[in-house]
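start-v3.tsv (TSV, C-alpha atoms) appears below.
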```tsv
chain	number	residue	atom	x	y	z
U	643	MET	CA	95.33	345.32	-41.27
U	644	GLY	CA	98.07	345.26	-38.73
U	645	LYS	CA	99.39	342.96	-36.09
U	646	PHE	CA	96.06	341.77	-34.74
U	647	GLY	CA	94.64	340.42	-37.97
U	648	LYS	CA	92.92	337.06	-38.38
U	649	LYS	CA	95.13	334.12	-39.27
U	650	ASN	CA	93.90	332.18	-42.25
U	651	LYS	CA	96.22	329.21	-42.01
U	652	VAL	CA	95.92	326.71	-39.10
U	653	SER	CA	98.97	324.68	-38.18
U	654	GLU	CA	98.25	320.96	-38.75
U	655	ASN	CA	101.55	319.63	-37.39
U	656	ILE	CA	101.35	317.40	-34.32
U	657	PRO	CA	104.37	317.79	-32.06
U	658	THR	CA	106.12	314.41	-31.81
U	659	SER	CA	109.08	315.36	-29.66
U	660	ALA	CA	107.54	313.83	-26.49
U	661	LEU	CA	106.37	310.64	-28.25
U	662	PRO	CA	109.49	308.53	-27.47
U	663	ASP	CA	109.23	309.51	-23.79
U	664	ILE	CA	105.60	308.43	-23.67
U	665	ILE	CA	106.38	305.11	-25.38
U	666	PHE	CA	109.19	304.34	-22.91
U	667	MET	CA	106.99	305.26	-19.96
U	668	LEU	CA	104.29	302.86	-21.18
U	669	LEU	CA	106.85	300.14	-21.84
U	670	PHE	CA	108.32	300.57	-18.37
U	671	PHE	CA	104.84	300.56	-16.79
U	672	PHE	CA	103.89	297.25	-18.42
U	673	MET	CA	107.26	295.68	-17.60
U	674	VAL	CA	106.82	296.54	-13.93
U	675	THR	CA	103.17	295.52	-13.61
U	676	THR	CA	103.25	292.28	-15.61
U	677	VAL	CA	103.52	289.09	-13.56
U	678	LEU	CA	105.29	286.18	-15.21
U	679	ARG	CA	103.93	282.77	-14.36
U	680	ASP	CA	106.44	280.06	-13.49
U	681	GLN	CA	104.39	277.02	-14.36
U	682	GLU	CA	101.09	276.13	-15.93
U	683	ILE	CA	99.19	273.94	-13.49
U	684	LEU	CA	97.91	270.83	-15.27
U	685	VAL	CA	96.25	269.20	-12.24
U	686	GLU	CA	93.38	270.37	-10.06
U	687	GLN	CA	94.41	272.15	-6.89
U	688	LYS	CA	92.12	272.51	-3.89
U	689	ILE	CA	94.71	272.96	-1.16
U	690	PRO	CA	93.63	271.83	2.34
U	691	GLN	CA	93.41	274.29	5.21
U	692	ALA	CA	95.73	274.31	8.20
U	693	THR	CA	95.69	275.99	11.58
U	694	GLN	CA	99.43	276.32	12.26
U	695	LEU	CA	101.43	277.66	9.32
U	696	GLN	CA	105.05	278.72	8.98
U	697	LYS	CA	106.47	281.18	6.43
U	698	LEU	CA	109.52	280.20	4.41
U	699	GLN	CA	112.71	282.23	4.52
U	700	LYS	CA	114.60	281.28	1.34
U	701	LYS	CA	112.16	280.57	-1.47
U	702	THR	CA	114.89	280.07	-4.09
U	703	LEU	CA	115.66	276.64	-2.65
U	704	ILE	CA	112.10	275.39	-3.16
U	705	SER	CA	110.96	273.15	-6.01
U	706	TYR	CA	107.29	272.35	-6.41
U	707	ILE	CA	105.45	269.08	-7.01
U	708	PHE	CA	101.72	269.22	-7.70
U	709	ILE	CA	99.52	266.16	-7.20
U	710	GLY	CA	95.89	266.06	-8.25
U	711	LYS	CA	93.34	264.92	-10.78
U	712	PRO	CA	94.31	266.12	-14.29
U	713	LYS	CA	92.36	269.08	-15.64
U	714	ASN	CA	92.23	267.41	-19.07
U	715	THR	CA	90.61	264.11	-18.03
U	716	ALA	CA	89.94	263.09	-21.64
U	717	LEU	CA	93.67	263.01	-22.34
U	718	TYR	CA	95.15	261.98	-18.98
U	719	GLY	CA	92.34	260.05	-17.25
U	720	THR	CA	90.85	260.67	-13.81
U	721	GLU	CA	93.53	259.12	-11.57
U	722	PRO	CA	95.71	261.58	-9.61
U	723	ARG	CA	98.85	262.61	-11.51
U	724	ILE	CA	102.15	264.19	-10.48
U	725	GLN	CA	103.27	267.44	-12.10
U	726	ALA	CA	106.63	269.17	-11.90
U	727	ASN	CA	107.88	272.01	-14.14
U	728	ASP	CA	104.93	272.11	-16.58
U	729	ALA	CA	105.04	268.37	-17.23
U	730	LEU	CA	103.23	265.36	-15.86
U	731	MET	CA	105.52	262.59	-14.62
U	732	ASN	CA	105.51	259.14	-13.07
U	733	THR	CA	106.89	258.36	-9.63
U	734	THR	CA	109.89	256.64	-11.25
U	735	GLU	CA	111.00	259.99	-12.73
U	736	ILE	CA	111.07	261.86	-9.40
U	737	VAL	CA	114.67	260.97	-8.46
U	738	GLN	CA	115.94	262.27	-11.81
U	739	TRP	CA	113.81	265.42	-11.47
U	740	VAL	CA	115.16	266.13	-7.95
U	741	ASN	CA	118.73	265.76	-9.21
U	742	GLN	CA	118.01	268.18	-12.07
U	743	GLU	CA	116.48	270.69	-9.65
U	744	ARG	CA	119.46	270.29	-7.30
U	745	ASP	CA	121.87	270.95	-10.20
U	746	LYS	CA	120.14	274.29	-10.90
U	747	LEU	CA	121.07	275.56	-7.43
U	748	PRO	CA	124.43	277.05	-6.41
U	749	GLU	CA	126.73	274.35	-5.07
U	750	ALA	CA	126.64	275.72	-1.52
U	751	ASP	CA	122.82	275.51	-1.40
U	752	ARG	CA	122.33	272.07	-2.96
U	753	GLY	CA	122.01	270.34	0.41
U	754	GLY	CA	119.20	272.70	1.39
U	755	ILE	CA	116.85	271.88	-1.47
U	756	THR	CA	113.26	271.81	-0.27
U	757	ILE	CA	110.42	270.08	-2.09
U	758	SER	CA	107.01	271.68	-1.64
U	759	MET	CA	104.14	269.30	-2.30
U	760	LYS	CA	100.90	270.99	-3.31
U	761	VAL	CA	98.40	268.17	-3.09
U	762	ASP	CA	94.71	268.37	-3.91
U	763	LYS	CA	92.65	267.64	-0.78
U	764	ASP	CA	90.75	264.82	-2.56
U	765	VAL	CA	93.90	262.79	-3.36
U	766	LYS	CA	94.26	259.56	-1.37
U	767	MET	CA	97.41	258.84	0.64
U	768	GLY	CA	98.78	256.18	-1.80
U	769	PRO	CA	100.24	258.51	-4.47
U	770	ILE	CA	101.55	260.86	-1.76
U	771	SER	CA	103.33	257.98	-0.02
U	772	ASP	CA	104.86	256.86	-3.34
U	773	VAL	CA	106.22	260.38	-3.92
U	774	GLN	CA	107.61	260.52	-0.37
U	775	THR	CA	109.43	257.21	-0.93
U	776	GLU	CA	111.00	258.48	-4.16
U	777	LEU	CA	112.02	261.74	-2.46
U	778	ARG	CA	113.79	259.72	0.25
U	779	GLU	CA	115.66	257.78	-2.45
U	780	ALA	CA	116.71	261.08	-4.03
U	781	ASP	CA	117.94	262.27	-0.60
U	782	ALA	CA	115.48	265.18	-0.62
U	783	ARG	CA	114.75	265.16	3.11
U	784	ARG	CA	113.17	268.60	3.42
U	785	VAL	CA	109.55	268.27	2.32
U	786	LEU	CA	106.81	270.85	2.81
U	787	TYR	CA	103.10	270.29	2.49
U	788	ALA	CA	101.43	273.42	1.17
U	789	SER	CA	98.13	274.53	2.66
U	790	VAL	CA	96.02	277.63	2.99
U	791	GLY	CA	95.38	279.33	6.29
U	792	LYS	CA	92.17	278.53	8.09
U	793	VAL	CA	89.77	281.43	8.29
U	794	VAL	CA	88.85	282.07	11.91
U	795	LYS	CA	85.44	283.68	12.40
U	796	ASP	CA	84.75	285.71	15.51
```

Take the structure in this file and express it as structure tokens.
Amino acid sequence: MGKFGKKNKVSENIPTSALPDIIFMLLFFFMVTTVLRDQEILVEQKIPQATQLQKLQKKTLISYIFIGKPKNTALYGTEPRIQANDALMNTTEIVQWVNQERDKLPEADRGGITISMKVDKDVKMGPISDVQTELREADARRVLYASVGKVVKD
């Protein structure tokens, strides 16, 4: 027949030379788009609204305390609990926790540690006052109260 004859055999090989590139592109994509969570919140959080808010400059100096009713009420009861670093704690443990958080910071920044309290809006003032007292004992004088911005309707 000649040069333009019909081929009887079809190539069944799949080219795999670009496969490593595709795998690395997918790996890089998921590494960039995945958000790692710092803590698992064990207490309910309905943050109160505020009208005058201020943004923070250096977020690395902030440690968070969550106060609210436990999500697992069968295990922890219904009274407001204090959470820090994925664990529920008592007010007596706050001074030790603040010192541990302070030790994680560079020595030059230890005096600037800031405690951010994220308190459920249904929590009474008693547990909040107890935490404030313990923070004073731990010499953590910079305390923030987290809130969400108030939505202004025109």

So how far away is atom CA of U:Glu721 from atom CA of U:Asp764, in Å?
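Computed distance, atom CA of U:Asp764 to atom CA of U:Glu721, equals 11.0 Å.
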
One decimal, Å: what's the distance from atom CA of U:Met759 over to atom CA of U:Asp781, could you say?
15.6 Å

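Across U:Leu703, U:Leu777, U:Leu684, U:Val740, the tightest approach to U:Tyr718 is made by U:Leu684 when counting all atoms listed in the file.
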
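For the choices U:Ile736, U:Ile704, U:Ile709, U:Ile664, the atom-to-atom distance to U:Ile757 is smallest for U:Ile704 when using all atoms listed in the file.
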
For atom CA of U:Pro722 and atom CA of U:Arg744, quote the distance in Å rounded to one decimal.
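Atom-to-atom, atom CA of U:Pro722 and atom CA of U:Arg744 are spaced 25.4 Å apart.
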
Find the residue from U:Ile707, U:Ile755, U:Leu668, U:Ala729 that sits nearest to U:Tyr787; use all atoms listed in the file when measuring.
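Among the listed residues, U:Ile707 lies closest to U:Tyr787.
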
Using only C-alpha atoms, the best pick from U:Pro748, U:Thr733, U:Asp663, U:Gly710 as closest to U:Ser771 would be U:Thr733
